[in-house]
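Structure data follow from run.cif (mmCIF, C-alpha atoms):
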```
data_protein
#
loop_
_atom_site.label_atom_id
_atom_site.label_comp_id
_atom_site.auth_asym_id
_atom_site.auth_seq_id
_atom_site.Cartn_x
_atom_site.Cartn_y
_atom_site.Cartn_z
CA MET A 10 0.00 0.00 0.00
CA ARG A 11 2.87 2.37 0.77
CA LYS A 12 4.28 1.91 -2.75
CA ILE A 13 0.88 2.80 -4.22
CA LEU A 14 0.65 5.90 -2.05
CA THR A 15 4.08 7.12 -3.15
CA PHE A 16 3.19 6.43 -6.79
CA ILE A 17 -0.09 8.33 -6.43
CA THR A 18 1.66 11.23 -4.71
CA ALA A 19 4.02 11.56 -7.66
CA ILE A 20 1.52 11.11 -10.46
CA ALA A 21 -1.27 13.16 -8.84
CA ALA A 22 1.16 16.08 -8.94
CA ILE A 23 0.36 16.33 -12.65
CA TYR A 24 -2.91 18.10 -11.90
CA THR A 25 -3.07 18.61 -8.15
CA LEU A 26 0.40 20.09 -7.98
CA THR A 27 -0.40 20.94 -11.67
CA GLY A 28 9.73 14.44 -12.95
CA CYS A 29 15.30 12.57 -17.57
CA LYS A 30 14.72 16.01 -18.79
CA SER A 31 13.26 15.63 -22.29
CA THR A 32 14.03 18.93 -23.88
CA ARG A 33 13.71 20.09 -27.45
CA ASN A 34 17.40 19.27 -28.11
CA ALA A 35 17.66 18.60 -31.82
CA VAL A 36 18.45 15.02 -32.80
CA SER A 37 20.83 14.98 -35.72
CA SER A 38 19.99 12.46 -38.40
CA ASN A 39 23.68 12.38 -39.41
CA SER A 40 25.01 10.97 -36.14
CA THR A 41 26.09 7.33 -35.92
CA ILE A 42 24.81 5.16 -33.08
CA VAL A 43 24.77 1.50 -32.14
CA ALA A 44 21.15 0.40 -32.14
CA SER A 45 21.11 -2.11 -29.28
CA ALA A 46 17.37 -1.91 -28.56
CA THR A 47 16.12 -0.97 -32.03
CA ASN A 48 17.08 -1.45 -35.68
CA GLU A 49 17.98 1.34 -38.09
CA GLU A 50 14.42 1.55 -39.43
CA ASP A 51 13.18 2.17 -35.91
CA ILE A 52 15.92 4.73 -35.27
CA ASN A 53 14.87 6.65 -38.37
CA PHE A 54 11.26 6.62 -37.21
CA LEU A 55 12.26 7.89 -33.76
CA ARG A 56 14.23 10.67 -35.42
CA LYS A 57 11.04 11.73 -37.19
CA VAL A 58 9.22 11.72 -33.84
CA THR A 59 11.84 13.99 -32.28
CA ASP A 60 11.81 16.22 -35.38
CA ASN A 61 8.25 17.15 -34.33
CA TYR A 62 9.51 18.75 -31.11
CA GLN A 63 8.78 22.44 -30.74
CA TYR A 64 11.54 24.98 -31.35
CA ALA A 65 9.64 27.65 -29.40
CA GLN A 66 10.94 28.53 -25.94
CA PHE A 67 7.64 30.05 -24.81
CA PHE A 68 4.04 28.86 -25.07
CA THR A 69 1.04 30.88 -23.85
CA SER A 70 -2.65 30.17 -24.41
CA LYS A 71 -6.19 30.18 -23.06
CA VAL A 72 -7.36 26.89 -21.53
CA LYS A 73 -10.46 25.15 -20.29
CA PHE A 74 -9.45 22.87 -17.44
CA SER A 75 -11.63 20.07 -16.05
CA ALA A 76 -10.67 17.68 -13.28
CA SER A 77 -12.48 14.98 -11.29
CA MET A 78 -11.50 12.65 -8.47
CA ASN A 79 -13.77 9.76 -7.52
CA GLY A 80 -16.89 11.59 -8.67
CA GLN A 81 -16.00 15.08 -7.43
CA GLY A 82 -15.13 17.54 -10.16
CA ILE A 83 -14.34 21.10 -11.17
CA THR A 84 -14.35 22.93 -14.53
CA LEU A 85 -12.62 26.28 -14.91
CA SER A 86 -11.21 28.43 -17.69
CA GLY A 87 -7.81 30.06 -17.51
CA ASN A 88 -4.35 30.43 -19.02
CA LEU A 89 -1.44 28.12 -19.73
CA LYS A 90 2.05 29.63 -19.76
CA MET A 91 5.25 27.70 -20.33
CA HIS A 92 8.89 28.72 -20.52
CA ARG A 93 10.96 25.76 -21.58
CA ASP A 94 13.28 24.39 -18.88
CA ASP A 95 12.02 27.02 -16.42
CA VAL A 96 8.31 26.94 -15.57
CA ILE A 97 4.88 25.53 -16.42
CA GLN A 98 2.04 27.67 -15.08
CA ILE A 99 -1.73 27.14 -15.28
CA SER A 100 -3.96 29.92 -13.92
CA LEU A 101 -7.61 28.94 -13.45
CA THR A 102 -10.31 31.60 -13.26
CA ALA A 103 -13.90 31.74 -12.02
CA LEU A 104 -16.54 33.88 -13.70
CA GLY A 105 -14.03 34.60 -16.44
CA PHE A 106 -11.87 37.06 -14.51
CA ILE A 107 -11.29 35.95 -10.86
CA GLU A 108 -8.24 33.72 -10.47
CA ALA A 109 -9.38 30.76 -8.36
CA ALA A 110 -6.28 28.57 -8.52
CA ARG A 111 -2.78 28.46 -9.94
CA ILE A 112 -0.64 25.43 -10.72
CA GLU A 113 3.08 26.12 -11.10
CA LEU A 114 5.86 23.65 -11.85
CA THR A 115 9.52 24.66 -11.87
CA PRO A 116 12.72 22.59 -11.74
CA GLU A 117 12.96 23.38 -8.01
CA TYR A 118 9.41 22.91 -6.75
CA ALA A 119 5.74 22.13 -7.47
CA LEU A 120 3.18 24.70 -6.33
CA LEU A 121 -0.62 24.73 -6.22
CA ILE A 122 -2.40 27.87 -4.99
CA ASP A 123 -6.03 28.24 -3.92
CA ARG A 124 -6.65 31.97 -4.29
CA LEU A 125 -10.19 31.81 -2.92
CA HIS A 126 -9.20 30.25 0.41
CA LYS A 127 -5.73 31.82 0.59
CA CYS A 128 -3.86 28.53 0.92
CA TYR A 129 -1.26 26.58 -1.05
CA VAL A 130 0.77 23.40 -1.43
CA LYS A 131 4.47 23.78 -2.24
CA GLU A 132 6.93 20.89 -2.26
CA LYS A 133 10.37 20.09 -3.61
CA TYR A 134 10.53 17.10 -5.94
CA GLU A 135 12.96 15.31 -3.64
CA ASP A 136 10.26 15.33 -0.94
CA PHE A 137 8.34 12.76 -3.00
CA ASP A 138 9.89 9.32 -2.50
CA PHE A 139 8.75 8.01 -5.89
CA LEU A 140 10.17 11.00 -7.73
CA LYS A 141 13.44 11.02 -5.80
CA ASP A 142 14.03 7.27 -6.09
CA ASN A 143 13.38 7.14 -9.83
CA GLY A 144 14.93 10.31 -11.20
CA LEU A 145 11.60 11.91 -12.13
CA ASN A 146 11.34 15.67 -11.81
CA TYR A 147 10.05 18.81 -13.50
CA TYR A 148 11.41 17.77 -16.88
CA ALA A 149 9.19 14.70 -17.13
CA MET A 150 6.18 16.96 -16.56
CA GLN A 151 7.55 19.30 -19.22
CA SER A 152 7.88 16.51 -21.76
CA LEU A 153 4.27 15.48 -21.15
CA PHE A 154 2.96 19.01 -21.62
CA TRP A 155 5.15 19.59 -24.70
CA ASN A 156 4.23 16.23 -26.30
CA GLU A 157 7.69 14.64 -26.22
CA LEU A 158 9.46 11.40 -25.32
CA PHE A 159 11.43 11.24 -22.08
CA CYS A 160 13.85 8.95 -20.31
CA PRO A 161 13.85 8.75 -16.47
CA GLY A 162 17.02 9.79 -14.72
CA LYS A 163 18.55 11.63 -17.70
CA GLN A 164 18.93 15.34 -18.18
CA SER A 165 18.25 15.22 -21.91
CA ILE A 166 17.46 12.89 -24.80
CA GLY A 167 20.11 12.82 -27.48
CA GLU A 168 20.79 10.76 -30.56
CA SER A 169 22.49 8.00 -28.59
CA ASP A 170 19.41 7.60 -26.37
CA LEU A 171 17.15 6.59 -29.27
CA GLN A 172 18.62 3.08 -29.12
CA PHE A 173 16.80 2.58 -25.81
CA PHE A 174 13.33 2.91 -27.36
CA THR A 175 11.75 -0.05 -29.14
CA VAL A 176 9.15 0.39 -31.88
CA ASN A 177 6.27 -2.02 -32.56
CA ARG A 178 4.22 -1.13 -35.64
CA GLN A 179 0.50 -1.82 -35.47
CA GLY A 180 -1.39 -0.76 -38.60
CA ASN A 181 -1.16 3.03 -38.92
CA ASN A 182 0.24 3.40 -35.41
CA ALA A 183 3.54 2.61 -33.74
CA ALA A 184 3.96 1.66 -30.09
CA ILE A 185 7.16 3.08 -28.56
CA THR A 186 8.49 1.49 -25.37
CA LEU A 187 11.40 2.54 -23.18
CA ALA A 188 13.84 -0.35 -22.74
CA ASP A 189 14.75 -1.55 -19.25
CA GLU A 190 18.38 -0.59 -19.82
CA ALA A 191 17.43 3.09 -19.81
CA LYS A 192 15.52 3.03 -16.53
CA PRO A 193 17.03 3.72 -13.09
CA LYS A 194 17.95 0.51 -11.28
CA THR A 195 15.33 0.62 -8.52
CA ALA A 196 12.62 -1.79 -7.43
CA LEU A 197 9.85 0.64 -8.41
CA MET A 198 11.33 1.21 -11.87
CA LYS A 199 11.63 -2.54 -12.43
CA ALA A 200 7.84 -2.72 -12.08
CA THR A 201 7.18 0.43 -14.14
CA THR A 202 6.77 0.68 -17.91
CA PHE A 203 6.89 3.77 -20.15
CA LYS A 204 5.05 3.67 -23.46
CA TRP A 205 3.97 6.07 -26.20
CA GLN A 206 1.78 5.81 -29.29
CA ALA A 207 2.67 7.68 -32.49
CA GLY A 208 1.26 7.76 -36.00
CA GLN A 209 3.49 6.09 -38.58
CA GLN A 210 2.86 8.66 -41.31
CA LYS A 211 3.28 11.96 -39.46
CA SER A 212 5.18 10.56 -36.46
CA LYS A 213 3.15 12.62 -33.97
CA ILE A 214 2.88 11.32 -30.41
CA THR A 215 -0.80 10.67 -29.66
CA SER A 216 -0.46 9.22 -26.16
CA ALA A 217 1.94 8.56 -23.31
CA ALA A 218 1.44 5.94 -20.61
CA VAL A 219 3.21 5.08 -17.36
CA SER A 220 2.16 1.85 -15.66
CA TYR A 221 3.20 0.35 -12.34
CA ALA A 222 2.35 -3.24 -11.41
CA ASP A 223 3.77 -5.22 -8.49
CA GLY A 224 1.46 -8.02 -7.42
CA LYS A 225 -1.83 -6.53 -6.26
CA GLU A 226 -0.42 -3.01 -6.29
CA LYS A 227 -1.17 -1.33 -9.59
CA ALA A 228 -1.36 2.21 -10.95
CA HIS A 229 -1.69 3.57 -14.47
CA ILE A 230 -1.48 7.02 -15.99
CA THR A 231 -2.30 7.94 -19.57
CA TRP A 232 -1.79 11.30 -21.28
CA ASN A 233 -3.68 11.50 -24.58
CA TYR A 234 -3.07 14.13 -27.27
CA SER A 235 -5.51 15.23 -29.99
CA ASN A 236 -6.75 18.20 -32.00
CA PHE A 237 -3.30 19.08 -33.35
CA ALA A 238 -2.80 22.58 -34.79
CA THR A 239 0.15 24.56 -36.12
CA PHE A 240 2.17 26.47 -33.54
CA SER A 241 5.55 28.01 -34.38
CA ARG A 242 5.69 25.95 -37.60
CA LYS A 243 5.22 22.70 -35.67
CA GLN A 244 2.13 20.68 -34.72
CA PHE A 245 0.95 21.00 -31.12
CA PRO A 246 -1.90 19.07 -29.39
CA MET A 247 -4.66 21.51 -28.43
CA THR A 248 -6.44 18.87 -26.34
CA GLN A 249 -4.64 16.93 -23.62
CA ALA A 250 -6.56 14.34 -21.60
CA ILE A 251 -5.03 12.86 -18.46
CA SER A 252 -6.25 9.86 -16.46
CA ILE A 253 -4.85 8.13 -13.39
CA ALA A 254 -6.26 4.80 -12.24
CA THR A 255 -5.61 2.56 -9.24
CA PRO A 256 -7.83 0.08 -7.39
CA GLU A 257 -8.68 2.84 -4.88
CA LEU A 258 -8.61 5.99 -6.98
CA ASN A 259 -9.85 7.36 -10.29
CA LEU A 260 -8.48 10.74 -11.36
CA LYS A 261 -9.20 12.50 -14.65
CA ALA A 262 -8.17 15.87 -16.07
CA ASN A 263 -8.75 17.50 -19.43
CA ILE A 264 -6.99 20.56 -20.87
CA GLU A 265 -8.47 22.26 -23.93
CA ILE A 266 -6.09 24.84 -25.42
CA SER A 267 -7.02 27.84 -27.58
CA ASN A 268 -5.33 31.00 -28.92
CA PRO A 269 -1.73 29.73 -28.62
CA ASP A 270 1.09 32.26 -28.77
CA ASN A 271 4.79 32.47 -27.87
CA ASN A 272 4.51 35.55 -25.69
CA SER A 273 7.48 36.00 -23.35
CA ASP A 274 6.20 39.11 -21.56
CA TRP A 275 4.89 37.63 -18.31
CA GLY A 276 6.13 37.00 -14.77
CA TYR A 277 7.64 33.53 -14.68
CA ARG A 278 7.51 32.78 -10.95
CA THR A 279 4.75 33.35 -8.39
CA LYS A 280 5.43 35.16 -5.11
CA LEU A 281 2.99 34.56 -2.24
CA SER A 282 2.21 36.98 0.57
CA ASP A 283 2.07 36.05 4.25
CA LYS A 284 -1.72 35.85 3.98
CA TYR A 285 -1.48 32.38 2.41
CA GLN A 286 -1.46 29.24 4.58
CA LYS A 287 0.31 26.01 3.64
CA VAL A 288 -2.01 22.95 3.63
CA THR A 289 -2.04 19.35 2.40
CA ILE A 290 -2.97 18.28 -1.13
CA GLU A 291 -6.15 16.61 0.13
CA GLN A 292 -7.30 19.69 2.05
CA LEU A 293 -6.73 21.98 -0.93
CA PHE A 294 -8.45 19.75 -3.50
CA SER A 295 -11.44 19.33 -1.18
CA GLN A 296 -11.83 23.10 -0.94
CA LEU A 297 -11.61 23.51 -4.73
CA THR A 298 -14.24 20.88 -5.41
CA LYS A 299 -16.58 22.54 -2.91
CA PHE A 300 -16.21 25.75 -4.90
#
```
Starting from the file, lay out its structure as structure tokens.
Amino acid sequence: MRKILTFITAIAAIYTLTGCKSTRNAVSSNSTIVASATNEEDINFLRKVTDNYQYAQFFTSKVKFSASMNGQGITLSGNLKMHRDDVIQISLTALGFIEAARIELTPEYALLIDRLHKCYVKEKYEDFDFLKDNGLNYYAMQSLFWNELFCPGKQSIGESDLQFFTVNRQGNNAAITLADEAKPKTALMKATTFKWQAGQQKSKITSAAVSYADGKEKAHITWNYSNFATFSRKQFPMTQAISIATPELNLKANIEISNPDNNSDWGYRTKLSDKYQKVTIEQLFSQLTKF
């Protein structure tokens, strides 16, 4: 049960505190690698997948954010702001103009603010056992939001890392799986799999999945991408649907993006006044769902 709780604490951070840095580093198709986990055809396909990564350093947009946990739910509009390798910020508003909540992820901490009740949750990634033990941090969250592959425990994905992803073609789709050799050598990682789905023709990632299974203890997260549109000369998923499932818990979140831009004129980090009180994740989510 303790393993499940640590897994849930880490994964729930995606939308309640919203962990291999998968950045936009270009993957050169001219480099030579030894394909130990994939053949050259698969390597070429993975290069096409990484070629879809955004060049933009900033992403700003309007969003409609919906979240539910075991039947309790909230739906709010707001703004999504991202500065690559620095911050992911979601501001949620009520009545179209009152900020009700803010989710902020940085490389140093994860922050969730309830503006209505003047309280917040703020934690360092190393305070989560699952994240600390398995090399997951801000950059894994970034890769999920930016629609990219990632590799736990690494600071970036380069050409030589493509050999650690296997490709299984299924009709028009291709299933991409991270090989065991690329995962941190921990008991939790041994029971955890990382998979993505991508279209064979356009090589766009359409889903990411992280699954943990150890006997009766199971947890599964999926991050689905759809409604792709052009942003900064690349395709970006304007709808992102997140689900987290365990025997005890069912979490769902949906982000609908509109009016994307690469505006860099905004404050990147949030500063809280002394009026705000630190609370637990459960206390804060309960207050938001009541609203």
TODO: Might you pull out every residue within 8 Å of Thr201 (chain A), with only C-alpha atoms counted and same-chain residues fewer than 4 positions away left off, and present them as a ChimeraX atom specification?
DONE: /A:197,219-222
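Shortest separation to Phe74 (chain A) among A:Cys128, A:Trp205, A:Phe173, A:Ser86 occurs at residue A:Ser86, atoms counted being only C-alpha atoms.
Among the candidates A:Lys57, A:Lys194, A:Lys213, A:Lys73, the one nearest to Gln244 (chain A) when counting only C-alpha atoms is A:Lys213.
Separating CA of Asp270 (chain A) from CA of Ala109 (chain A) is a distance of 23.0 Å.
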- [ ] Would you translate the PyMOL selection byres ((chain A and resi 178-190) around 6) into the concrete set of residues it matches in this file, as a PyMOL selection string?
- [x] chain A and resi 173-177+191-192+203-209
- [ ] Compile the contact shell of Leu101 (chain A) as a PyMOL selection string: residues with an atom at most 12 Å away, counting all atoms listed in the file, same-chain residues fewer than 6 positions apart removed.
- [x] chain A and resi 24+27+71-76+83-90+107-113+121-125+264+297
